[in-house]
$ cat data22.cif   # mmCIF, C-alpha atoms
data_upload
loop_
_atom_site.group_PDB
_atom_site.id
_atom_site.type_symbol
_atom_site.label_atom_id
_atom_site.label_comp_id
_atom_site.auth_asym_id
_atom_site.auth_seq_id
_atom_site.Cartn_x
_atom_site.Cartn_y
_atom_site.Cartn_z
ATOM 1 C CA ASP O 146 -5.864 3.487 -32.540
ATOM 2 C CA PHE O 147 -5.871 7.137 -31.521
ATOM 3 C CA SER O 148 -4.835 6.689 -27.903
ATOM 4 C CA GLN O 149 -2.167 8.916 -26.447
ATOM 5 C CA LYS O 150 0.219 8.300 -23.604
ATOM 6 C CA LEU O 151 -0.085 10.655 -20.639
ATOM 7 C CA ASN O 152 2.755 11.419 -18.305
ATOM 8 C CA LYS O 153 2.490 10.748 -14.568
ATOM 9 C CA LYS O 154 1.883 14.354 -13.606
ATOM 10 C CA MET O 155 -1.103 14.688 -15.945
ATOM 11 C CA MET O 156 -2.544 11.343 -14.787
ATOM 12 C CA ARG O 157 -2.275 12.424 -11.153
ATOM 13 C CA GLN O 158 -3.956 15.764 -11.886
ATOM 14 C CA ALA O 159 -6.754 14.009 -13.788
ATOM 15 C CA LEU O 160 -7.306 11.616 -10.885
ATOM 16 C CA TYR O 161 -7.464 14.522 -8.422
ATOM 17 C CA ALA O 162 -9.913 16.379 -10.684
ATOM 18 C CA ILE O 163 -12.205 13.332 -10.897
ATOM 19 C CA LEU O 164 -12.059 12.785 -7.138
ATOM 20 C CA SER O 165 -12.858 16.437 -6.429
ATOM 21 C CA LYS O 166 -15.803 16.307 -8.832
ATOM 22 C CA LYS O 167 -17.127 13.171 -7.101
ATOM 23 C CA LEU O 168 -16.688 14.883 -3.721
ATOM 24 C CA ALA O 169 -18.657 17.913 -4.919
ATOM 25 C CA ASP O 170 -21.426 15.636 -6.218
ATOM 26 C CA GLY O 171 -21.562 13.692 -2.939
ATOM 27 C CA GLU O 172 -20.369 10.439 -4.533
ATOM 28 C CA LEU O 173 -17.075 10.291 -2.610
ATOM 29 C CA LYS O 174 -17.274 9.396 1.055
ATOM 30 C CA PHE O 175 -14.622 8.820 3.695
ATOM 31 C CA VAL O 176 -14.985 6.154 6.372
ATOM 32 C CA THR O 177 -12.711 5.273 9.244
ATOM 33 C CA VAL O 178 -12.721 1.522 8.610
ATOM 34 C CA ILE O 179 -14.430 -0.627 6.003
ATOM 35 C CA PRO O 180 -15.731 -3.717 7.831
ATOM 36 C CA ALA O 181 -13.730 -6.719 6.650
ATOM 37 C CA THR O 182 -14.425 -9.938 8.505
ATOM 38 C CA GLY O 183 -14.295 -12.075 5.382
ATOM 39 C CA LYS O 184 -18.060 -12.608 5.196
ATOM 40 C CA THR O 185 -19.839 -11.364 2.083
ATOM 41 C CA LYS O 186 -23.156 -11.032 3.878
ATOM 42 C CA GLU O 187 -21.712 -8.637 6.472
ATOM 43 C CA VAL O 188 -20.101 -6.418 3.839
ATOM 44 C CA PHE O 189 -23.327 -6.442 1.817
ATOM 45 C CA THR O 190 -25.509 -5.457 4.776
ATOM 46 C CA SER O 191 -23.126 -2.695 5.848
ATOM 47 C CA LEU O 192 -22.941 -1.241 2.326
ATOM 48 C CA LYS O 193 -26.689 -1.597 1.873
ATOM 49 C CA GLY O 194 -27.278 0.291 5.102
ATOM 50 C CA PHE O 195 -24.705 2.919 4.168
ATOM 51 C CA PHE O 196 -26.303 3.651 0.791
ATOM 52 C CA GLY O 197 -29.900 2.957 1.805
ATOM 53 C CA ALA O 198 -30.325 0.480 -1.054
ATOM 54 C CA LYS O 199 -33.210 -1.949 -0.898
ATOM 55 C CA ARG O 200 -32.043 -4.780 -3.161
ATOM 56 C CA GLN O 201 -29.118 -3.906 -5.368
ATOM 57 C CA LEU O 202 -26.045 -1.889 -4.520
ATOM 58 C CA PRO O 203 -24.955 0.919 -6.816
ATOM 59 C CA ALA O 204 -21.606 0.503 -8.575
ATOM 60 C CA THR O 205 -19.175 0.988 -5.708
ATOM 61 C CA LEU O 206 -15.413 1.239 -5.402
ATOM 62 C CA LEU O 207 -13.900 0.477 -2.006
ATOM 63 C CA VAL O 208 -10.441 1.956 -1.462
ATOM 64 C CA SER O 209 -8.609 0.305 1.415
ATOM 65 C CA ALA O 210 -5.420 1.424 3.117
ATOM 66 C CA THR O 211 -3.448 -1.692 2.273
ATOM 67 C CA LYS O 212 -4.172 -4.816 0.342
ATOM 68 C CA ASN O 213 -6.773 -6.284 2.653
ATOM 69 C CA GLY O 214 -7.298 -9.951 1.764
ATOM 70 C CA SER O 215 -10.411 -10.446 3.856
ATOM 71 C CA LEU O 216 -12.113 -7.380 2.344
ATOM 72 C CA VAL O 217 -11.219 -8.499 -1.175
ATOM 73 C CA ARG O 218 -12.483 -12.011 -0.461
ATOM 74 C CA ALA O 219 -15.733 -10.716 1.052
ATOM 75 C CA ALA O 220 -16.479 -8.197 -1.704
ATOM 76 C CA ARG O 221 -15.455 -10.168 -4.794
ATOM 77 C CA ASN O 222 -18.757 -12.031 -4.847
ATOM 78 C CA LEU O 223 -20.816 -8.824 -4.772
ATOM 79 C CA ALA O 224 -22.032 -7.516 -8.104
ATOM 80 C CA ARG O 225 -20.766 -4.058 -9.066
ATOM 81 C CA VAL O 226 -18.444 -3.756 -6.058
ATOM 82 C CA SER O 227 -14.683 -3.603 -6.516
ATOM 83 C CA VAL O 228 -11.834 -3.193 -4.038
ATOM 84 C CA LEU O 229 -8.513 -1.450 -4.644
ATOM 85 C CA PRO O 230 -5.655 -0.435 -2.378
ATOM 86 C CA GLY O 231 -4.978 3.292 -2.276
ATOM 87 C CA SER O 232 -1.685 2.927 -4.135
ATOM 88 C CA SER O 233 -3.433 1.241 -7.111
ATOM 89 C CA LEU O 234 -6.224 3.762 -7.549
ATOM 90 C CA ASN O 235 -6.715 4.588 -11.232
ATOM 91 C CA ILE O 236 -8.924 6.808 -13.343
ATOM 92 C CA THR O 237 -10.979 4.101 -15.069
ATOM 93 C CA GLU O 238 -12.032 2.427 -11.818
ATOM 94 C CA VAL O 239 -13.103 5.761 -10.319
ATOM 95 C CA LEU O 240 -15.083 6.708 -13.427
ATOM 96 C CA ASN O 241 -16.832 3.322 -13.604
ATOM 97 C CA ALA O 242 -18.009 3.529 -9.992
ATOM 98 C CA LYS O 243 -21.055 5.526 -8.964
ATOM 99 C CA ASN O 244 -19.880 5.786 -5.353
ATOM 100 C CA VAL O 245 -16.381 5.678 -3.923
ATOM 101 C CA LEU O 246 -15.690 4.772 -0.281
ATOM 102 C CA VAL O 247 -12.203 5.636 0.946
ATOM 103 C CA GLU O 248 -10.662 4.635 4.252
ATOM 104 C CA LYS O 249 -9.022 7.567 5.998
ATOM 105 C CA GLU O 250 -5.669 5.782 6.090
ATOM 106 C CA ALA O 251 -5.781 5.275 2.303
ATOM 107 C CA VAL O 252 -5.699 9.027 1.653
ATOM 108 C CA ALA O 253 -1.969 9.108 2.341
ATOM 109 C CA GLU O 254 -1.413 6.308 -0.177
ATOM 110 C CA ILE O 255 -3.368 8.128 -2.885
ATOM 111 C CA LYS O 256 -1.005 11.074 -2.729
#
$ encode --input "data22.cif" --output "structure tokens"
Amino acid sequence: DFSQKLNKKMMRQALYAILSKKLADGELKFVTVIPATGKTKEVFTSLKGFFGAKRQLPATLLVSATKNGSLVRAARNLARVSVLPGSSLNITEVLNAKNVLVEKEAVAEIK
């Protein structure tokens, strides 16, 4: 096991570097509100329309402002879609996702 422990400051800087790289590549997008009515079909159709996907969604990370139970419930049945609150955003989830959608209110929690 050759893993090393990183301190909080380095982890935060690495997360910011990854997010800025995704923003430069066009893989990070900000939305005002992620639709969360609790229905998987509605979340799927809105994400499909947002990405222009025909059948399958790309690996997507949804970052909500607070722990939104209806969004989590609606998106947990979708393949390759995960939901995190802004305070729990981590490096591995961002790297595993092709696209990242962030609510504008979650930006304050990421800091």
$ residues_near_point --input "data22.cif" --point "(-6.1, -1.4, 0.2)" --cutoff "10 Å" --atoms "only C-alpha atoms" --output "PyMOL selection string"
chain O and resi 207-214+216-217+228-234+247-248+250-251+254
$ residues_around --input "data22.cif" --residues "Lys174 in chain O" --least-positions-apart "5" --cutoff "12 Å" --atoms "only C-alpha atoms" --output "number ranges by chain"
O: 164-165, 167-169, 179, 195-196, 205-208, 243-249, 252
$ resolve_selection --input "data22.cif" --expression "the PyMOL selection byres ((chain O and resi 189) around 10)" --output "list in words"
Lys184, Thr185, Lys186, Glu187, Val188, Thr190, Ser191, Leu192, Lys193, Gly194, Phe195, Gln201, Leu202, Ala219, Ala220, Asn222, Leu223 and Val226 of chain O
$ closest_residue --input "data22.cif" --among "O:Lys256, O:Arg218, O:Arg225, O:Lys199" --to "Tyr161 in chain O" --atoms "all atoms listed in the file"
O:Lys256
$ closest_residue --input "data22.cif" --among "O:Met155, O:Ile255, O:Val239, O:Ala224" --to "Leu173 in chain O" --atoms "only C-alpha atoms"
O:Val239
$ decode --input "data22.cif" --residues "range 154-201 of chain O" --atoms "N, CA and C atoms" --output "PDB file, in the first residue's frame"
ATOM      1  N   LYS O 154      -5.750  21.338   3.041  1.00  0.00           N
ATOM      2  CA  LYS O 154      -5.438  22.418   2.113  1.00  0.00           C
ATOM      3  C   LYS O 154      -5.071  21.868   0.730  1.00  0.00           C
ATOM      4  N   MET O 155      -4.303  20.800   0.694  1.00  0.00           N
ATOM      5  CA  MET O 155      -3.928  20.193  -0.583  1.00  0.00           C
ATOM      6  C   MET O 155      -5.135  19.539  -1.258  1.00  0.00           C
ATOM      7  N   MET O 156      -6.012  18.909  -0.472  1.00  0.00           N
ATOM      8  CA  MET O 156      -7.215  18.297  -1.036  1.00  0.00           C
ATOM      9  C   MET O 156      -8.120  19.362  -1.656  1.00  0.00           C
ATOM     10  N   ARG O 157      -8.266  20.482  -0.968  1.00  0.00           N
ATOM     11  CA  ARG O 157      -9.103  21.567  -1.476  1.00  0.00           C
ATOM     12  C   ARG O 157      -8.518  22.128  -2.764  1.00  0.00           C
ATOM     13  N   GLN O 158      -7.204  22.327  -2.811  1.00  0.00           N
ATOM     14  CA  GLN O 158      -6.567  22.840  -4.019  1.00  0.00           C
ATOM     15  C   GLN O 158      -6.681  21.853  -5.176  1.00  0.00           C
ATOM     16  N   ALA O 159      -6.591  20.564  -4.892  1.00  0.00           N
ATOM     17  CA  ALA O 159      -6.748  19.554  -5.939  1.00  0.00           C
ATOM     18  C   ALA O 159      -8.176  19.553  -6.476  1.00  0.00           C
ATOM     19  N   LEU O 160      -9.156  19.683  -5.589  1.00  0.00           N
ATOM     20  CA  LEU O 160     -10.546  19.741  -6.017  1.00  0.00           C
ATOM     21  C   LEU O 160     -10.794  20.966  -6.889  1.00  0.00           C
ATOM     22  N   TYR O 161     -10.258  22.110  -6.504  1.00  0.00           N
ATOM     23  CA  TYR O 161     -10.417  23.328  -7.303  1.00  0.00           C
ATOM     24  C   TYR O 161      -9.732  23.189  -8.658  1.00  0.00           C
ATOM     25  N   ALA O 162      -8.576  22.533  -8.700  1.00  0.00           N
ATOM     26  CA  ALA O 162      -7.867  22.340  -9.966  1.00  0.00           C
ATOM     27  C   ALA O 162      -8.670  21.439 -10.907  1.00  0.00           C
ATOM     28  N   ILE O 163      -9.267  20.379 -10.355  1.00  0.00           N
ATOM     29  CA  ILE O 163     -10.074  19.471 -11.179  1.00  0.00           C
ATOM     30  C   ILE O 163     -11.320  20.181 -11.692  1.00  0.00           C
ATOM     31  N   LEU O 164     -11.965  20.960 -10.824  1.00  0.00           N
ATOM     32  CA  LEU O 164     -13.161  21.688 -11.248  1.00  0.00           C
ATOM     33  C   LEU O 164     -12.840  22.728 -12.310  1.00  0.00           C
ATOM     34  N   SER O 165     -11.707  23.409 -12.187  1.00  0.00           N
ATOM     35  CA  SER O 165     -11.344  24.406 -13.195  1.00  0.00           C
ATOM     36  C   SER O 165     -10.983  23.738 -14.516  1.00  0.00           C
ATOM     37  N   LYS O 166     -10.389  22.565 -14.475  1.00  0.00           N
ATOM     38  CA  LYS O 166     -10.091  21.835 -15.703  1.00  0.00           C
ATOM     39  C   LYS O 166     -11.389  21.387 -16.386  1.00  0.00           C
ATOM     40  N   LYS O 167     -12.356  20.911 -15.600  1.00  0.00           N
ATOM     41  CA  LYS O 167     -13.640  20.503 -16.167  1.00  0.00           C
ATOM     42  C   LYS O 167     -14.381  21.711 -16.745  1.00  0.00           C
ATOM     43  N   LEU O 168     -14.265  22.868 -16.105  1.00  0.00           N
ATOM     44  CA  LEU O 168     -14.896  24.076 -16.614  1.00  0.00           C
ATOM     45  C   LEU O 168     -14.268  24.493 -17.942  1.00  0.00           C
ATOM     46  N   ALA O 169     -12.952  24.394 -18.039  1.00  0.00           N
ATOM     47  CA  ALA O 169     -12.269  24.743 -19.287  1.00  0.00           C
ATOM     48  C   ALA O 169     -12.628  23.781 -20.413  1.00  0.00           C
ATOM     49  N   ASP O 170     -12.874  22.514 -20.077  1.00  0.00           N
ATOM     50  CA  ASP O 170     -13.236  21.519 -21.081  1.00  0.00           C
ATOM     51  C   ASP O 170     -14.722  21.530 -21.419  1.00  0.00           C
ATOM     52  N   GLY O 171     -15.509  22.316 -20.688  1.00  0.00           N
ATOM     53  CA  GLY O 171     -16.947  22.385 -20.940  1.00  0.00           C
ATOM     54  C   GLY O 171     -17.726  21.257 -20.295  1.00  0.00           C
ATOM     55  N   GLU O 172     -17.135  20.572 -19.325  1.00  0.00           N
ATOM     56  CA  GLU O 172     -17.797  19.453 -18.655  1.00  0.00           C
ATOM     57  C   GLU O 172     -18.436  19.864 -17.335  1.00  0.00           C
ATOM     58  N   LEU O 173     -18.241  21.091 -16.909  1.00  0.00           N
ATOM     59  CA  LEU O 173     -18.836  21.611 -15.682  1.00  0.00           C
ATOM     60  C   LEU O 173     -19.843  22.679 -16.068  1.00  0.00           C
ATOM     61  N   LYS O 174     -21.078  22.485 -15.619  1.00  0.00           N
ATOM     62  CA  LYS O 174     -22.136  23.430 -15.962  1.00  0.00           C
ATOM     63  C   LYS O 174     -22.874  23.826 -14.692  1.00  0.00           C
ATOM     64  N   PHE O 175     -23.327  25.073 -14.668  1.00  0.00           N
ATOM     65  CA  PHE O 175     -24.075  25.598 -13.538  1.00  0.00           C
ATOM     66  C   PHE O 175     -25.530  25.781 -13.944  1.00  0.00           C
ATOM     67  N   VAL O 176     -26.430  25.345 -13.095  1.00  0.00           N
ATOM     68  CA  VAL O 176     -27.864  25.503 -13.331  1.00  0.00           C
ATOM     69  C   VAL O 176     -28.471  26.180 -12.109  1.00  0.00           C
ATOM     70  N   THR O 177     -29.585  26.845 -12.328  1.00  0.00           N
ATOM     71  CA  THR O 177     -30.229  27.512 -11.195  1.00  0.00           C
ATOM     72  C   THR O 177     -30.852  26.501 -10.252  1.00  0.00           C
ATOM     73  N   VAL O 178     -31.627  25.567 -10.811  1.00  0.00           N
ATOM     74  CA  VAL O 178     -32.280  24.544  -9.991  1.00  0.00           C
ATOM     75  C   VAL O 178     -32.286  23.231 -10.765  1.00  0.00           C
ATOM     76  N   ILE O 179     -31.936  22.152 -10.094  1.00  0.00           N
ATOM     77  CA  ILE O 179     -32.059  20.828 -10.689  1.00  0.00           C
ATOM     78  C   ILE O 179     -33.466  20.347 -10.387  1.00  0.00           C
ATOM     79  N   PRO O 180     -34.257  19.987 -11.409  1.00  0.00           N
ATOM     80  CA  PRO O 180     -35.644  19.599 -11.156  1.00  0.00           C
ATOM     81  C   PRO O 180     -35.714  18.347 -10.276  1.00  0.00           C
ATOM     82  N   ALA O 181     -36.450  18.455  -9.175  1.00  0.00           N
ATOM     83  CA  ALA O 181     -36.513  17.350  -8.223  1.00  0.00           C
ATOM     84  C   ALA O 181     -37.935  17.183  -7.728  1.00  0.00           C
ATOM     85  N   THR O 182     -38.753  16.490  -8.506  1.00  0.00           N
ATOM     86  CA  THR O 182     -40.120  16.228  -8.078  1.00  0.00           C
ATOM     87  C   THR O 182     -40.257  14.841  -7.478  1.00  0.00           C
ATOM     88  N   GLY O 183     -39.207  14.050  -7.522  1.00  0.00           N
ATOM     89  CA  GLY O 183     -39.256  12.707  -6.988  1.00  0.00           C
ATOM     90  C   GLY O 183     -39.533  11.657  -8.040  1.00  0.00           C
ATOM     91  N   LYS O 184     -39.723  12.058  -9.283  1.00  0.00           N
ATOM     92  CA  LYS O 184     -40.005  11.127 -10.370  1.00  0.00           C
ATOM     93  C   LYS O 184     -38.747  10.918 -11.212  1.00  0.00           C
ATOM     94  N   THR O 185     -38.349   9.673 -11.363  1.00  0.00           N
ATOM     95  CA  THR O 185     -37.152   9.344 -12.125  1.00  0.00           C
ATOM     96  C   THR O 185     -37.307   9.717 -13.591  1.00  0.00           C
ATOM     97  N   LYS O 186     -38.466   9.531 -14.133  1.00  0.00           N
ATOM     98  CA  LYS O 186     -38.703   9.821 -15.547  1.00  0.00           C
ATOM     99  C   LYS O 186     -38.506  11.305 -15.846  1.00  0.00           C
ATOM    100  N   GLU O 187     -38.947  12.178 -14.948  1.00  0.00           N
ATOM    101  CA  GLU O 187     -38.788  13.616 -15.172  1.00  0.00           C
ATOM    102  C   GLU O 187     -37.324  14.041 -15.101  1.00  0.00           C
ATOM    103  N   VAL O 188     -36.583  13.480 -14.154  1.00  0.00           N
ATOM    104  CA  VAL O 188     -35.156  13.801 -14.066  1.00  0.00           C
ATOM    105  C   VAL O 188     -34.429  13.273 -15.294  1.00  0.00           C
ATOM    106  N   PHE O 189     -34.785  12.069 -15.728  1.00  0.00           N
ATOM    107  CA  PHE O 189     -34.150  11.479 -16.910  1.00  0.00           C
ATOM    108  C   PHE O 189     -34.410  12.316 -18.158  1.00  0.00           C
ATOM    109  N   THR O 190     -35.647  12.727 -18.376  1.00  0.00           N
ATOM    110  CA  THR O 190     -35.954  13.515 -19.573  1.00  0.00           C
ATOM    111  C   THR O 190     -35.290  14.887 -19.529  1.00  0.00           C
ATOM    112  N   SER O 191     -35.207  15.497 -18.348  1.00  0.00           N
ATOM    113  CA  SER O 191     -34.551  16.800 -18.271  1.00  0.00           C
ATOM    114  C   SER O 191     -33.048  16.677 -18.502  1.00  0.00           C
ATOM    115  N   LEU O 192     -32.420  15.643 -17.960  1.00  0.00           N
ATOM    116  CA  LEU O 192     -30.983  15.452 -18.191  1.00  0.00           C
ATOM    117  C   LEU O 192     -30.710  15.045 -19.633  1.00  0.00           C
ATOM    118  N   LYS O 193     -31.583  14.233 -20.202  1.00  0.00           N
ATOM    119  CA  LYS O 193     -31.416  13.817 -21.584  1.00  0.00           C
ATOM    120  C   LYS O 193     -31.523  15.017 -22.516  1.00  0.00           C
ATOM    121  N   GLY O 194     -32.458  15.908 -22.241  1.00  0.00           N
ATOM    122  CA  GLY O 194     -32.589  17.108 -23.042  1.00  0.00           C
ATOM    123  C   GLY O 194     -31.429  18.065 -22.837  1.00  0.00           C
ATOM    124  N   PHE O 195     -30.901  18.106 -21.627  1.00  0.00           N
ATOM    125  CA  PHE O 195     -29.787  19.001 -21.320  1.00  0.00           C
ATOM    126  C   PHE O 195     -28.513  18.564 -22.041  1.00  0.00           C
ATOM    127  N   PHE O 196     -28.273  17.251 -22.089  1.00  0.00           N
ATOM    128  CA  PHE O 196     -27.058  16.744 -22.720  1.00  0.00           C
ATOM    129  C   PHE O 196     -27.258  16.359 -24.179  1.00  0.00           C
ATOM    130  N   GLY O 197     -28.502  16.305 -24.637  1.00  0.00           N
ATOM    131  CA  GLY O 197     -28.767  15.918 -26.014  1.00  0.00           C
ATOM    132  C   GLY O 197     -28.515  14.445 -26.267  1.00  0.00           C
ATOM    133  N   ALA O 198     -28.632  13.620 -25.231  1.00  0.00           N
ATOM    134  CA  ALA O 198     -28.401  12.183 -25.371  1.00  0.00           C
ATOM    135  C   ALA O 198     -29.642  11.519 -25.961  1.00  0.00           C
ATOM    136  N   LYS O 199     -29.418  10.507 -26.767  1.00  0.00           N
ATOM    137  CA  LYS O 199     -30.547   9.809 -27.372  1.00  0.00           C
ATOM    138  C   LYS O 199     -31.064   8.693 -26.474  1.00  0.00           C
ATOM    139  N   ARG O 200     -30.195   7.824 -25.998  1.00  0.00           N
ATOM    140  CA  ARG O 200     -30.630   6.702 -25.174  1.00  0.00           C
ATOM    141  C   ARG O 200     -30.021   6.727 -23.783  1.00  0.00           C
ATOM    142  N   GLN O 201     -28.713   6.797 -23.731  1.00  0.00           N
ATOM    143  CA  GLN O 201     -28.025   6.647 -22.454  1.00  0.00           C
ATOM    144  C   GLN O 201     -27.370   7.958 -22.042  1.00  0.00           C
TER     145      GLN O 201
END
